[in-house]
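Report on one structure; see the data block that follows.
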Amino acid sequence: MFTLITLALGAALLSETPRNIIIVMTDDQGYGDIAVHGNPILKTPNLDKLHSQSVRFTDFHVSPTCAPTRSALMTGRHEFKNGITHTIFERERLNPKSITLPQVLKTANYTTGIFGKWHLGDEPAYWPNKRGFDEMFIHGAGGIGQTYPGSCGDAPNNKYFDPAILHNGTFEKTKGYCTDVFFNQAILWMTAQQKANKPFFTYITPNAPHGPLICPPEYEKKYEGKVPPDAAKFFGMIENIDDNMGKLMTFLDESGISKDTLLIFMTDNGGTAGVKIFNAGMRGSKNTPYMGGTRVPAFWRWPAGFTGGKDCNKLTAHIDIFPTLLQITNIPMPKEAALQVEGRSFLPLLKNPEAAWDDRVLFTHVGRWEKGKASESKYSSVSARNTRYNLVNNVRQGEKWELFDISTDPGEKNNIAETSPEVVQKLKGAIDQWWLEVTPLLVNEDATGPKINPFKELYWKQFSETPDPKILKQMDPTSKQGKKK
């Protein structure tokens, strides 16, 4: 089980706090999709540079899919306890009772902005501007152009080039490639905050390199013939992200705020299209409970606060970001947040990667069960990981337990479940206890979404467009408007 930690603010605090905080989290980029991590094909010079300047967490874990990771980062607790058990069908909506990171940062006068993917609810009551963000520049659903029955969907006919973006409640028809659009808008906003002398928290969340795999042709051409076509597009999307990271780092340097800005780079789940090229020796990928589904890069750079260029191999996770940022900014943990946060601050590790770090158990569950099947899904694609072992049940029905000693077998090749039954029972018992805590908080399991997707409805109203019958049919198969006459 996770241990609830109330931060002891006092002697451990820094004498200064970062004036600005930036989190960049890409979509579907795995640990192996960075050149400095050993990828033999991909070129990422700017991420490699950031790596050289950062404290790098080499055993850092997130959820196996995107909306779950985003909710855990925002709240400091496991996604299921926020009601999020899927990426669609209203089961990606962040419980309105959850306290979010930007809400707490605002109490210390940080101005807050999100640029890219939100994926925690597309209905207006769930938008980022209701969850602590002052500036909102987002697409809908889990990806540009996606639409599912119910509330989860993007603007109609949206594309990776020239996408329509929801900007503070109003759609803007942008120009350019989506990743460029998000970084450019974030830099524009941060420039304005800097001129107004306002400290900021910036959350940049491009939908790339999530499929469909589309990138500017000049990036794809760099990898044509070197890897399969889908990987060429995927790597091209990542190199474009890398160029934008370079643009961001140049902005920080030229603005004179790099030293006082905490810059974090991470991704939202394990690898996808690049796994077949290089997966850093790991087993599994996105949507699996193995290490390859949850281990991601985590680079933390703050020149004024700690020395970079170091690796930290302690078992850390997305749920730790919330308490870490509160301690690093000297913000007391609100009582309401203390009741939900189950992560722990790793500020001591940023100061000293070899600092003491107690053992823990992290739970991974792919979720995505069919509606009404939660009670039957405790052991469905689940894992329990402590510092040494990972217990995995990678089947949807029944039990087929695998146990791996990560200290000697990080690639999870040798199943030792039969020879270590006591470890299996201990970690399985932890899953049982965790499930008892989780089940009362699955608030979205019976949720029913609107017949018309809110992003599309707003778009049609704003531009006085007639709804596309085909899109209406996709959103609501029972719609008479959507049926052919």
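Just so we're on the same page: first chain in the structure tokens is A, next is B, and so on; residues restart at 1 for each chain, and ligands are numbered from 1 in the order they show up.
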
Polymer residues at most 12 Å from A:Asp243, only C-alpha atoms, same-chain spacing of 4 or more positions, as a list in words: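 Close residues of A:Asp243: Lys43, Thr44, Pro45, Asn46, Leu47, Asp48, Lys49, Thr179, Asp180, Phe183, Asn184, Tyr219, Gly236, Met237, Ile238, Glu239, Lys247, Leu248, Met249 and Thr250 of chain A.
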
Shell of 10 Å around A:Asp154, only C-alpha atoms, local chain residues under 3 positions omitted, as a ChimeraX atom specification: /A:122,138-148,151,157-159,164-166,453-456,459

Please save N, CA and C atoms of the selected residues as an mmCIF file, in the first residue's frame.
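Output file again21.cif follows:
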```cif
data_model
loop_
_atom_site.group_PDB
_atom_site.id
_atom_site.type_symbol
_atom_site.label_atom_id
_atom_site.label_comp_id
_atom_site.auth_asym_id
_atom_site.auth_seq_id
_atom_site.Cartn_x
_atom_site.Cartn_y
_atom_site.Cartn_z
ATOM 1 N N ASP A 122 -14.415 16.503 -21.047
ATOM 2 C CA ASP A 122 -14.678 17.497 -22.090
ATOM 3 C C ASP A 122 -15.935 18.321 -21.845
ATOM 4 N N ILE A 138 -6.574 24.114 -25.337
ATOM 5 C CA ILE A 138 -6.609 22.648 -25.386
ATOM 6 C C ILE A 138 -7.411 22.119 -26.574
ATOM 7 N N HIS A 139 -7.118 20.866 -26.926
ATOM 8 C CA HIS A 139 -8.007 20.105 -27.807
ATOM 9 C C HIS A 139 -8.873 19.211 -26.939
ATOM 10 N N GLY A 140 -9.852 18.570 -27.545
ATOM 11 C CA GLY A 140 -10.740 17.696 -26.795
ATOM 12 C C GLY A 140 -10.336 16.245 -26.883
ATOM 13 N N ALA A 141 -10.999 15.413 -26.101
ATOM 14 C CA ALA A 141 -10.807 13.960 -26.104
ATOM 15 C C ALA A 141 -9.364 13.603 -25.784
ATOM 16 N N GLY A 142 -8.957 12.400 -26.210
ATOM 17 C CA GLY A 142 -7.596 11.956 -25.966
ATOM 18 C C GLY A 142 -6.653 12.290 -27.095
ATOM 19 N N GLY A 143 -7.193 12.871 -28.173
ATOM 20 C CA GLY A 143 -6.358 13.211 -29.306
ATOM 21 C C GLY A 143 -7.098 14.110 -30.268
ATOM 22 N N ILE A 144 -6.358 14.883 -31.035
ATOM 23 C CA ILE A 144 -6.966 15.774 -32.008
ATOM 24 C C ILE A 144 -7.752 14.956 -33.024
ATOM 25 N N GLY A 145 -9.021 15.293 -33.190
ATOM 26 C CA GLY A 145 -9.889 14.613 -34.154
ATOM 27 C C GLY A 145 -10.625 13.411 -33.615
ATOM 28 N N GLN A 146 -10.367 13.002 -32.375
ATOM 29 C CA GLN A 146 -11.042 11.824 -31.829
ATOM 30 C C GLN A 146 -12.487 12.142 -31.435
ATOM 31 N N THR A 147 -13.367 11.153 -31.597
ATOM 32 C CA THR A 147 -14.747 11.276 -31.135
ATOM 33 C C THR A 147 -15.247 9.913 -30.695
ATOM 34 N N TYR A 148 -15.912 9.894 -29.531
ATOM 35 C CA TYR A 148 -16.528 8.668 -29.014
ATOM 36 C C TYR A 148 -17.948 9.002 -28.569
ATOM 37 N N SER A 151 -19.455 12.105 -23.960
ATOM 38 C CA SER A 151 -18.869 13.440 -23.810
ATOM 39 C C SER A 151 -17.484 13.587 -24.413
ATOM 40 N N ASN A 157 -14.027 17.300 -37.373
ATOM 41 C CA ASN A 157 -13.085 17.235 -38.497
ATOM 42 C C ASN A 157 -11.730 17.872 -38.176
ATOM 43 N N ASN A 158 -11.326 17.834 -36.923
ATOM 44 C CA ASN A 158 -10.071 18.463 -36.531
ATOM 45 C C ASN A 158 -8.882 17.665 -37.051
ATOM 46 N N LYS A 159 -7.813 18.374 -37.383
ATOM 47 C CA LYS A 159 -6.622 17.758 -37.958
ATOM 48 C C LYS A 159 -5.370 18.201 -37.205
ATOM 49 N N ALA A 164 -8.362 23.385 -34.769
ATOM 50 C CA ALA A 164 -9.208 24.285 -33.983
ATOM 51 C C ALA A 164 -8.953 23.979 -32.509
ATOM 52 N N ILE A 165 -8.601 24.992 -31.750
ATOM 53 C CA ILE A 165 -8.210 24.822 -30.351
ATOM 54 C C ILE A 165 -9.138 25.639 -29.458
ATOM 55 N N LEU A 166 -9.580 25.042 -28.356
ATOM 56 C CA LEU A 166 -10.431 25.735 -27.400
ATOM 57 C C LEU A 166 -9.556 26.620 -26.518
ATOM 58 N N ASN A 453 -21.685 15.636 -28.248
ATOM 59 C CA ASN A 453 -20.397 15.969 -27.646
ATOM 60 C C ASN A 453 -20.281 17.467 -27.414
ATOM 61 N N PRO A 454 -19.876 17.895 -26.217
ATOM 62 C CA PRO A 454 -19.858 19.331 -25.894
ATOM 63 C C PRO A 454 -18.898 20.157 -26.742
ATOM 64 N N PHE A 455 -17.735 19.600 -27.114
ATOM 65 C CA PHE A 455 -16.818 20.351 -27.971
ATOM 66 C C PHE A 455 -17.443 20.619 -29.336
ATOM 67 N N LYS A 456 -18.065 19.595 -29.904
ATOM 68 C CA LYS A 456 -18.670 19.766 -31.221
ATOM 69 C C LYS A 456 -19.874 20.698 -31.164
ATOM 70 N N TYR A 459 -18.609 24.194 -30.962
ATOM 71 C CA TYR A 459 -18.011 24.587 -32.239
ATOM 72 C C TYR A 459 -19.098 24.932 -33.251
#
```

Per-residue DSSP, stretch 289-415 of chain A, filtered to strand (DSSP E or B), as number ranges by chain: A: 295, 298-301, 310-312, 316-317, 362-365, 382-385, 389-393, 401-405

Could those selected residues go to a file with N, CA and C atoms, as an mmCIF file, in the first residue's frame?
```cif
data_model
loop_
_atom_site.group_PDB
_atom_site.id
_atom_site.type_symbol
_atom_site.label_atom_id
_atom_site.label_comp_id
_atom_site.auth_asym_id
_atom_site.auth_seq_id
_atom_site.Cartn_x
_atom_site.Cartn_y
_atom_site.Cartn_z
ATOM 1 N N ARG A 295 7.283 2.613 -17.122
ATOM 2 C CA ARG A 295 8.547 3.334 -16.857
ATOM 3 C C ARG A 295 8.775 4.371 -17.957
ATOM 4 N N ALA A 298 12.061 11.001 -16.848
ATOM 5 C CA ALA A 298 11.703 12.080 -15.930
ATOM 6 C C ALA A 298 12.948 12.907 -15.675
ATOM 7 N N PHE A 299 13.042 14.054 -16.351
ATOM 8 C CA PHE A 299 14.187 14.952 -16.231
ATOM 9 C C PHE A 299 13.741 16.187 -15.441
ATOM 10 N N TRP A 300 14.468 16.510 -14.374
ATOM 11 C CA TRP A 300 14.151 17.675 -13.538
ATOM 12 C C TRP A 300 15.354 18.606 -13.530
ATOM 13 N N ARG A 301 15.170 19.825 -14.035
ATOM 14 C CA ARG A 301 16.251 20.809 -14.091
ATOM 15 C C ARG A 301 15.843 22.102 -13.389
ATOM 16 N N LYS A 310 22.874 14.100 -12.846
ATOM 17 C CA LYS A 310 22.922 12.939 -11.966
ATOM 18 C C LYS A 310 21.718 12.032 -12.201
ATOM 19 N N ASP A 311 21.945 10.739 -12.030
ATOM 20 C CA ASP A 311 20.866 9.756 -12.086
ATOM 21 C C ASP A 311 20.400 9.431 -10.679
ATOM 22 N N CYS A 312 19.097 9.181 -10.545
ATOM 23 C CA CYS A 312 18.525 8.685 -9.299
ATOM 24 C C CYS A 312 17.744 7.422 -9.621
ATOM 25 N N THR A 316 10.190 5.868 -7.953
ATOM 26 C CA THR A 316 9.396 7.089 -7.874
ATOM 27 C C THR A 316 8.262 7.027 -8.888
ATOM 28 N N ALA A 317 7.319 7.972 -8.774
ATOM 29 C CA ALA A 317 6.121 7.881 -9.619
ATOM 30 C C ALA A 317 5.455 9.235 -9.796
ATOM 31 N N LEU A 362 3.861 0.245 -5.578
ATOM 32 C CA LEU A 362 3.117 0.997 -6.587
ATOM 33 C C LEU A 362 2.186 0.037 -7.326
ATOM 34 N N PHE A 363 0.959 0.482 -7.550
ATOM 35 C CA PHE A 363 -0.032 -0.363 -8.208
ATOM 36 C C PHE A 363 -0.317 0.136 -9.617
ATOM 37 N N THR A 364 -0.271 -0.792 -10.555
ATOM 38 C CA THR A 364 -0.629 -0.502 -11.941
ATOM 39 C C THR A 364 -1.823 -1.362 -12.323
ATOM 40 N N HIS A 365 -2.820 -0.734 -12.914
ATOM 41 C CA HIS A 365 -3.988 -1.474 -13.391
ATOM 42 C C HIS A 365 -4.410 -0.848 -14.713
ATOM 43 N N VAL A 382 -3.087 -6.344 -13.974
ATOM 44 C CA VAL A 382 -2.671 -5.588 -12.797
ATOM 45 C C VAL A 382 -1.241 -5.940 -12.428
ATOM 46 N N SER A 383 -0.562 -5.028 -11.730
ATOM 47 C CA SER A 383 0.747 -5.351 -11.183
ATOM 48 C C SER A 383 0.955 -4.598 -9.881
ATOM 49 N N ALA A 384 1.823 -5.160 -9.045
ATOM 50 C CA ALA A 384 2.228 -4.519 -7.793
ATOM 51 C C ALA A 384 3.749 -4.527 -7.765
ATOM 52 N N ARG A 385 4.330 -3.360 -7.651
ATOM 53 C CA ARG A 385 5.780 -3.211 -7.754
ATOM 54 C C ARG A 385 6.343 -2.607 -6.479
ATOM 55 N N TYR A 389 10.776 -6.214 -6.490
ATOM 56 C CA TYR A 389 9.967 -7.154 -7.267
ATOM 57 C C TYR A 389 8.834 -6.464 -8.024
ATOM 58 N N ASN A 390 8.397 -7.126 -9.096
ATOM 59 C CA ASN A 390 7.179 -6.740 -9.797
ATOM 60 C C ASN A 390 6.313 -7.979 -9.961
ATOM 61 N N LEU A 391 5.126 -7.948 -9.351
ATOM 62 C CA LEU A 391 4.164 -9.044 -9.485
ATOM 63 C C LEU A 391 3.148 -8.641 -10.541
ATOM 64 N N VAL A 392 3.003 -9.463 -11.576
ATOM 65 C CA VAL A 392 2.182 -9.108 -12.730
ATOM 66 C C VAL A 392 1.158 -10.188 -13.018
ATOM 67 N N ASN A 393 -0.073 -9.783 -13.281
ATOM 68 C CA ASN A 393 -1.095 -10.680 -13.828
ATOM 69 C C ASN A 393 -1.572 -10.043 -15.125
ATOM 70 N N TRP A 401 -0.166 -15.465 -12.522
ATOM 71 C CA TRP A 401 0.775 -14.555 -11.884
ATOM 72 C C TRP A 401 2.212 -14.805 -12.333
ATOM 73 N N GLU A 402 2.907 -13.708 -12.556
ATOM 74 C CA GLU A 402 4.334 -13.732 -12.866
ATOM 75 C C GLU A 402 5.037 -12.829 -11.853
ATOM 76 N N LEU A 403 6.191 -13.269 -11.389
ATOM 77 C CA LEU A 403 6.986 -12.478 -10.446
ATOM 78 C C LEU A 403 8.384 -12.295 -11.018
ATOM 79 N N PHE A 404 8.854 -11.055 -10.989
ATOM 80 C CA PHE A 404 10.174 -10.747 -11.529
ATOM 81 C C PHE A 404 11.004 -10.020 -10.476
ATOM 82 N N ASP A 405 12.257 -10.406 -10.370
ATOM 83 C CA ASP A 405 13.201 -9.729 -9.496
ATOM 84 C C ASP A 405 13.865 -8.625 -10.320
#
```

Shell of 10 Å around A:Lys276, only C-alpha atoms, local chain residues under 6 positions omitted, as a list in words: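 Close residues of A:Lys276: Val227, Pro228, Ala231 and Ser285 of chain A.
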
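Among the candidate residues A:Leu50, A:Ile452, A:Leu325, A:Ile241, the one lying nearest to A:Leu472 is A:Ile452, with distances computed using only C-alpha atoms.
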
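When only C-alpha atoms are used to measure the gap to A:Asn207, the shortest distance among A:Ala155, A:Lys130, A:Thr75, A:Asp27 belongs to A:Asp27.
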
Alpha helix (DSSP H) per DSSP on the backbone: members of stretch 122-370 of chain A, as a ChimeraX atom specification: /A:178-195,217-221,229-254,291-294,321-328,335-338,347-351

Residue with smallest distance to A:Glu370 - pool A:Ala108, A:Ala417, A:Leu120, A:Ile88, counting only C-alpha atoms: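 Of A:Ala108, A:Ala417, A:Leu120, A:Ile88, the one nearest A:Glu370 is A:Ile88, counting only C-alpha atoms.
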
Of the listed residues A:His86, A:Arg56, A:His167, A:Arg77, that which approaches A:Gly367 most closely, counting only C-alpha atoms: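 Smallest distance to A:Gly367 is found for A:His86.
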
Nearest to A:Pro199 by atom-to-atom distance, counting only C-alpha atoms, from A:Ser52, A:Ser71, A:Thr112, A:Thr466: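 Nearest candidate to A:Pro199 out of A:Ser52, A:Ser71, A:Thr112, A:Thr466: A:Thr112.
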
Given only C-alpha atoms as the counted atoms, nearest of A:Arg283, A:Phe265, A:Val24, A:Asn95 to A:Ala186: A:Val24

Please tabulate, as CSV, the residues of stretch 263-323 of chain A that come within 12 Å of stretch 200-205 of chain A, each with its closest pair of atoms and the distance in Å to one decimal, counting only C-alpha atoms and ordering rows by chain, then residue number upward.
```
residue,atom,partner,partner_atom,distance
A:Leu263,CA,A:Thr202,CA,9.5
A:Ile264,CA,A:Tyr203,CA,9.7
A:Phe265,CA,A:Ile204,CA,9.6
A:Met266,CA,A:Thr205,CA,9.9
A:Thr267,CA,A:Thr205,CA,9.1
A:Asp268,CA,A:Thr205,CA,9.5
```
